[in-house]
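Here the structure comes first, spelled out in structure tokens, and everything after it is commentary.
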Amino acid sequence: MKKILLSILLMSLALGLSAQYLEKDPPPSPVQRIFFGGNLDMGFGTVTQVSLSPEVGYRITNRLSAGVGIDYVFVYSEEYNFKGSIFGGSVFASFTVIKSLGDLIPFFRTDMGILIYGQFSYTNMGRFYTTFSGEEPMWIASPMLGLGFQVPISQRSYMLLSVMYNFNESMYSIYSNPVVKISYQF
């Protein structure tokens, strides 16, 4: 309970600090504030896993962004006699706490930023656990919160490394703690 209250407090603080709008003169149009991104993961071995997670977001202010994503995971294992799909959706928000570490630490020459990153994923486990337990397919909610490190690639794109805590980790969750996510946005 304390962790949930701390998370709500941090998100409230982040939202309260986001009063400034995008700093460019003139400010970007609403269409220019839209960004796309996501990640593609692959793992091969005893279990083959291919994951695709496209997302679209909106830069509400120069520090606050929010968006939605789709999650799809294909899993195959000859050893466990399993082949199936896991799918779902997610909403996310990020608040940039430090836009450029180079401005804060003069000898540290980088435009890397630090942000608070939150994500809520709702995932249908499909037949993944029904094969082992005989239960009906289930939906798993995964509220996550943590820090992100934003590294610019060009003027409008960047790589985002986030480390989050899943507040609903269980044996059924596809997100085990700590949740480490690498994605690209442009």
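Residue numbering restarts at 1 in every chain; chains get A, B, ... in the order shown in the structure tokens, and ligands count up from 1 in that same order.
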(request) Taking the DSSP assignment computed from this structure's backbone, write out as a PyMOL selection string all residues of region 27-161 of chain A that belong to strand (DSSP E). (result) chain A and resi 34-43+48-59+64-77+82-98+113-124+139-152+158-161
(message) Just checking: using only C-alpha atoms, which residue out of A:Phe108, A:Tyr165, A:Tyr158, A:Phe120 ends up closest to Ala93 (chain A)?
(response)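 Of the candidates, the smallest distance to Ala93 (chain A) is held by A:Phe120.
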(message) I'd like the interatomic distance between CA of Val179 (chain A) and CA of Val163 (chain A), to a tenth of an Å.
(response)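 Taking CA of Val179 (chain A) and CA of Val163 (chain A), their separation equals 5.6 Å.
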(message) As an exercise, work out the distance from CA of Leu161 (chain A) to CA of Val180 (chain A) in Å and give it to one decimal place.
(response)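 Going from CA of Leu161 (chain A) over to CA of Val180 (chain A), I get 7.3 Å.
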(message) Run DSSP on the backbone and tell me which residues of region 8-186 of chain A come out as alpha helix (DSSP H); list them as a PyMOL selection string.
(response) chain A and resi 8-16+101-104+130-133
(request) Find the distance between CA of Ser85 (chain A) and CA of Pro54 (chain A) and write it in Å to one decimal. (result)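 Taking CA of Ser85 (chain A) and CA of Pro54 (chain A), their separation equals 16.2 Å.
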(request) Rank nothing, just name the residue among A:Leu101, A:Leu40, A:Ala66, A:Ile174 nearest to Tyr122 (chain A), using only C-alpha atoms. (result)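 Ranking A:Leu101, A:Leu40, A:Ala66, A:Ile174 by distance to Tyr122 (chain A), first place goes to A:Ile174.
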